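Novice: Next comes start-v4.cif, mmCIF, C-alpha atoms:
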data_protein
#
loop_
_atom_site.group_PDB
_atom_site.id
_atom_site.type_symbol
_atom_site.label_atom_id
_atom_site.label_comp_id
_atom_site.auth_asym_id
_atom_site.auth_seq_id
_atom_site.Cartn_x
_atom_site.Cartn_y
_atom_site.Cartn_z
ATOM 1 C CA MET N 1 -9.785 13.665 17.368
ATOM 2 C CA SER N 2 -6.126 14.252 16.646
ATOM 3 C CA LEU N 3 -5.246 14.493 12.959
ATOM 4 C CA THR N 4 -2.034 14.888 11.006
ATOM 5 C CA TRP N 5 -1.317 16.460 7.610
ATOM 6 C CA ARG N 6 1.507 15.290 5.420
ATOM 7 C CA ARG N 7 2.689 14.967 1.859
ATOM 8 C CA PHE N 8 2.453 11.760 -0.128
ATOM 9 C CA VAL N 9 5.875 10.142 0.309
ATOM 10 C CA ASP N 10 6.181 6.625 -1.058
ATOM 11 C CA PRO N 11 4.528 3.638 -2.728
ATOM 12 C CA ASP N 12 3.122 2.492 0.644
ATOM 13 C CA ASP N 13 1.015 5.650 0.534
ATOM 14 C CA THR N 14 -0.380 4.496 -2.808
ATOM 15 C CA VAL N 15 -1.713 1.313 -1.205
ATOM 16 C CA ALA N 16 -3.171 3.259 1.743
ATOM 17 C CA LEU N 17 -4.907 5.724 -0.589
ATOM 18 C CA ILE N 18 -6.339 2.945 -2.760
ATOM 19 C CA THR N 19 -7.757 1.368 0.403
ATOM 20 C CA LEU N 20 -9.240 4.727 1.397
ATOM 21 C CA MET N 21 -10.808 5.226 -2.039
ATOM 22 C CA GLN N 22 -12.276 1.705 -1.960
ATOM 23 C CA ARG N 23 -14.379 2.900 0.970
ATOM 24 C CA MET N 24 -15.802 5.537 -1.398
ATOM 25 C CA THR N 25 -16.789 2.992 -4.074
ATOM 26 C CA PRO N 26 -20.520 2.998 -3.167
ATOM 27 C CA TRP N 27 -20.646 6.732 -3.929
ATOM 28 C CA ASN N 28 -18.879 6.216 -7.233
ATOM 29 C CA GLU N 29 -21.312 3.476 -8.261
ATOM 30 C CA GLN N 30 -24.177 5.918 -7.803
ATOM 31 C CA GLY N 31 -22.449 8.630 -9.811
ATOM 32 C CA VAL N 32 -21.814 10.802 -6.753
ATOM 33 C CA GLY N 33 -18.055 10.485 -6.492
ATOM 34 C CA TRP N 34 -15.470 10.643 -9.197
ATOM 35 C CA LEU N 35 -12.248 9.324 -7.669
ATOM 36 C CA HIS N 36 -12.274 5.532 -7.646
ATOM 37 C CA PRO N 37 -9.359 3.275 -6.594
ATOM 38 C CA GLY N 38 -7.999 2.978 -10.141
ATOM 39 C CA ASP N 39 -7.862 6.755 -10.391
ATOM 40 C CA VAL N 40 -5.351 6.872 -7.559
ATOM 41 C CA VAL N 41 -2.735 4.990 -9.595
ATOM 42 C CA TRP N 42 -3.630 6.800 -12.813
ATOM 43 C CA ARG N 43 -3.435 10.265 -11.254
ATOM 44 C CA LEU N 44 -0.223 9.594 -9.357
ATOM 45 C CA TYR N 45 1.728 7.844 -12.081
ATOM 46 C CA GLN N 46 0.143 8.859 -15.390
ATOM 47 C CA ASN N 47 3.273 10.556 -16.695
ATOM 48 C CA LEU N 48 6.700 11.712 -15.614
ATOM 49 C CA SER N 49 5.552 15.288 -15.009
ATOM 50 C CA THR N 50 3.164 14.158 -12.251
ATOM 51 C CA LYS N 51 4.763 14.508 -8.821
ATOM 52 C CA PRO N 52 2.518 12.972 -6.148
ATOM 53 C CA GLU N 53 4.579 14.494 -3.352
ATOM 54 C CA ASP N 54 3.711 17.955 -4.710
ATOM 55 C CA GLU N 55 0.030 17.322 -5.395
ATOM 56 C CA VAL N 56 -1.265 14.938 -2.723
ATOM 57 C CA ARG N 57 -1.715 15.497 0.989
ATOM 58 C CA ILE N 58 -2.832 12.840 3.421
ATOM 59 C CA VAL N 59 -4.930 13.487 6.503
ATOM 60 C CA ALA N 60 -4.378 10.649 8.962
ATOM 61 C CA ASN N 61 -5.787 9.721 12.359
ATOM 62 C CA THR N 62 -3.754 9.078 15.503
ATOM 63 C CA SER N 63 -2.866 5.542 14.371
ATOM 64 C CA GLY N 64 -1.511 6.896 11.075
ATOM 65 C CA THR N 65 -4.364 5.543 8.965
ATOM 66 C CA PRO N 66 -5.408 7.910 6.159
ATOM 67 C CA VAL N 67 -8.909 9.317 6.662
ATOM 68 C CA ALA N 68 -8.881 11.783 3.770
ATOM 69 C CA LEU N 69 -6.946 12.579 0.616
ATOM 70 C CA VAL N 70 -6.455 16.205 -0.374
ATOM 71 C CA GLU N 71 -5.496 17.102 -3.931
ATOM 72 C CA MET N 72 -3.631 20.381 -4.217
ATOM 73 C CA ILE N 73 -4.814 21.271 -7.706
ATOM 74 C CA THR N 74 -3.691 24.839 -8.381
ATOM 75 C CA PRO N 75 -2.245 27.654 -6.287
ATOM 76 C CA ALA N 76 -5.851 28.501 -5.342
ATOM 77 C CA THR N 77 -7.726 25.186 -5.452
ATOM 78 C CA TYR N 78 -7.812 21.968 -3.475
ATOM 79 C CA CYS N 79 -10.204 19.037 -3.260
ATOM 80 C CA ILE N 80 -10.911 16.900 -0.189
ATOM 81 C CA HIS N 81 -11.816 13.231 -0.726
ATOM 82 C CA MET N 82 -13.245 11.433 2.287
ATOM 83 C CA PRO N 83 -15.536 8.422 2.760
ATOM 84 C CA ALA N 84 -19.080 9.260 3.850
ATOM 85 C CA GLU N 85 -18.812 7.103 6.956
ATOM 86 C CA ALA N 86 -15.654 8.797 8.220
ATOM 87 C CA ASP N 87 -15.456 9.345 11.972
ATOM 88 C CA ASN N 88 -16.055 12.988 12.878
ATOM 89 C CA PRO N 89 -16.327 14.189 9.250
ATOM 90 C CA GLU N 90 -16.804 17.819 10.293
ATOM 91 C CA ASP N 91 -13.505 17.725 12.196
ATOM 92 C CA VAL N 92 -11.713 16.152 9.218
ATOM 93 C CA ILE N 93 -13.106 18.761 6.812
ATOM 94 C CA ARG N 94 -12.303 21.632 9.171
ATOM 95 C CA PHE N 95 -8.740 20.354 9.737
ATOM 96 C CA ALA N 96 -8.058 19.607 6.039
ATOM 97 C CA THR N 97 -9.461 22.969 4.971
ATOM 98 C CA ALA N 98 -7.326 24.866 7.494
ATOM 99 C CA GLN N 99 -4.175 22.981 6.480
ATOM 100 C CA ALA N 100 -4.776 23.355 2.733
ATOM 101 C CA GLU N 101 -5.556 27.054 3.012
ATOM 102 C CA GLN N 102 -2.502 27.643 5.188
ATOM 103 C CA GLU N 103 -0.345 25.911 2.599
ATOM 104 C CA LEU N 104 -1.913 27.931 -0.210
ATOM 105 C CA ARG N 105 -1.332 31.193 1.681
ATOM 106 C CA ALA N 106 2.297 30.190 2.196
ATOM 107 C CA GLY N 107 2.700 29.980 -1.566
ATOM 108 C CA PHE N 108 1.850 26.490 -2.739
ATOM 109 C CA VAL N 109 3.738 25.726 -5.922
ATOM 110 C CA ARG N 110 3.404 22.540 -7.919
#
Starting from the file, lay out its structure as structure tokens.

Specialist:
Amino acid sequence: MSLTWRRFVDPDDTVALITLMQRMTPWNEQGVGWLHPGDVVWRLYQNLSTKPEDEVRIVANTSGTPVALVEMITPATYCIHMPAEADNPEDVIRFATAQAEQELRAGFVR
């Protein structure tokens, strides 16, 4: 599986991430997850100090469809959000972890 890593760039990404989070809704309804579709808009646009391009990374498949959302939380912390039924979840986690850690080592700054 070929994956790409990129920053959040525009409002079209908002729609793609909401669609991705909708696939996680069953987890949220059971109290397992905590990022539901409404959280995407709230987290990205809650105030003027929030800069989605600095805080959100998108892992996409070969067709460009997001398969995971990675929040870069602090210079030492990140969180991977991915639907349970994702194709090759181990590959997605391994790829996202390597990319996030490489970015953190390079000096991630919000």

Novice: Grab all the atoms of range 70-84 of chain N that the file lists, wrap them in a box along x, y and z, add 4 Å per side, and give me centre plus edge lengths in Å (one decimal) as JSON.

Specialist:
{"center_x": -10.7, "center_y": 18.5, "center_z": -2.3, "size_x": 24.8, "size_y": 28.1, "size_z": 20.2}

Novice: For this file, the PyMOL selection byres ((chain N and resi 40) around 12) selects which residues, as a PDB file with C-alpha atoms, in the frame of the given file?

Specialist:
ATOM      1  CA  PHE N   8       2.453  11.760  -0.128  1.00  0.00           C
ATOM      2  CA  PRO N  11       4.528   3.638  -2.728  1.00  0.00           C
ATOM      3  CA  ASP N  13       1.015   5.650   0.534  1.00  0.00           C
ATOM      4  CA  THR N  14      -0.380   4.496  -2.808  1.00  0.00           C
ATOM      5  CA  VAL N  15      -1.713   1.313  -1.205  1.00  0.00           C
ATOM      6  CA  ALA N  16      -3.171   3.259   1.743  1.00  0.00           C
ATOM      7  CA  LEU N  17      -4.907   5.724  -0.589  1.00  0.00           C
ATOM      8  CA  ILE N  18      -6.339   2.945  -2.760  1.00  0.00           C
ATOM      9  CA  THR N  19      -7.757   1.368   0.403  1.00  0.00           C
ATOM     10  CA  LEU N  20      -9.240   4.727   1.397  1.00  0.00           C
ATOM     11  CA  MET N  21     -10.808   5.226  -2.039  1.00  0.00           C
ATOM     12  CA  GLN N  22     -12.276   1.705  -1.960  1.00  0.00           C
ATOM     13  CA  TRP N  34     -15.470  10.643  -9.197  1.00  0.00           C
ATOM     14  CA  LEU N  35     -12.248   9.324  -7.669  1.00  0.00           C
ATOM     15  CA  HIS N  36     -12.274   5.532  -7.646  1.00  0.00           C
ATOM     16  CA  PRO N  37      -9.359   3.275  -6.594  1.00  0.00           C
ATOM     17  CA  GLY N  38      -7.999   2.978 -10.141  1.00  0.00           C
ATOM     18  CA  ASP N  39      -7.862   6.755 -10.391  1.00  0.00           C
ATOM     19  CA  VAL N  41      -2.735   4.990  -9.595  1.00  0.00           C
ATOM     20  CA  TRP N  42      -3.630   6.800 -12.813  1.00  0.00           C
ATOM     21  CA  ARG N  43      -3.435  10.265 -11.254  1.00  0.00           C
ATOM     22  CA  LEU N  44      -0.223   9.594  -9.357  1.00  0.00           C
ATOM     23  CA  TYR N  45       1.728   7.844 -12.081  1.00  0.00           C
ATOM     24  CA  GLN N  46       0.143   8.859 -15.390  1.00  0.00           C
ATOM     25  CA  PRO N  52       2.518  12.972  -6.148  1.00  0.00           C
ATOM     26  CA  GLU N  55       0.030  17.322  -5.395  1.00  0.00           C
ATOM     27  CA  VAL N  56      -1.265  14.938  -2.723  1.00  0.00           C
ATOM     28  CA  LEU N  69      -6.946  12.579   0.616  1.00  0.00           C
ATOM     29  CA  VAL N  70      -6.455  16.205  -0.374  1.00  0.00           C
ATOM     30  CA  GLU N  71      -5.496  17.102  -3.931  1.00  0.00           C
ATOM     31  CA  HIS N  81     -11.816  13.231  -0.726  1.00  0.00           C
TER      32      HIS N  81
END

Novice: What does the structure give for the distance between CA of Gly64 in chain N and CA of Lys51 in chain N, in Å to one decimal?

Specialist: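 Calculated distance between CA of Gly64 in chain N and CA of Lys51 in chain N is 22.2 Å.
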
Novice: Rounded to one decimal place, report the CA of Ile80 in chain N-CA of Ser63 in chain N distance in Å.

Specialist: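 CA of Ile80 in chain N sits 20.1 Å away from CA of Ser63 in chain N.
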
Novice: What gap, in Å, lies between CA of Glu90 in chain N and CA of Leu3 in chain N?

Specialist: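 Interatomic distance, CA of Glu90 in chain N to CA of Leu3 in chain N: 12.3 Å.
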
Novice: I need the output of the PyMOL selection byres ((chain N and resi 67) around 8) for this file as a list in words; which residues are they?

Specialist: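 Given this file, the PyMOL selection byres ((chain N and resi 67) around 8) evaluates to Leu20, Ile58, Val59, Ala60, Asn61, Thr65, Pro66, Ala68, Leu69, Met82, Pro83, Ala86 and Val92 of chain N.
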
Novice: Which residues match the PyMOL selection byres ((chain N and resi 98) around 12) in the file above, as a list of chain:residue names?

Specialist: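 Taken on the displayed file, the PyMOL selection byres ((chain N and resi 98) around 12) yields the residues N:Leu3, N:Thr4, N:Trp5, N:Val59, N:Val70, N:Tyr78, N:Ile80, N:Asp91, N:Val92, N:Ile93, N:Arg94, N:Phe95, N:Ala96, N:Thr97, N:Gln99, N:Ala100, N:Glu101, N:Gln102, N:Glu103, N:Leu104, N:Arg105.
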
Novice: Please list as a list in words every residue within 10 Å of Glu53 in chain N, counting only C-alpha atoms and excluding residues in the same chain fewer than 6 positions away.

Specialist: Arg6, Arg7, Phe8, Val9, Asp10, Leu44 and Arg110 of chain N

Novice: Would you output that residue set with C-alpha atoms, as a PDB file, in the coordinates of the input?

Specialist:
ATOM      1  CA  ARG N   6       1.507  15.290   5.420  1.00  0.00           C
ATOM      2  CA  ARG N   7       2.689  14.967   1.859  1.00  0.00           C
ATOM      3  CA  PHE N   8       2.453  11.760  -0.128  1.00  0.00           C
ATOM      4  CA  VAL N   9       5.875  10.142   0.309  1.00  0.00           C
ATOM      5  CA  ASP N  10       6.181   6.625  -1.058  1.00  0.00           C
ATOM      6  CA  LEU N  44      -0.223   9.594  -9.357  1.00  0.00           C
ATOM      7  CA  ARG N 110       3.404  22.540  -7.919  1.00  0.00           C
TER       8      ARG N 110
END
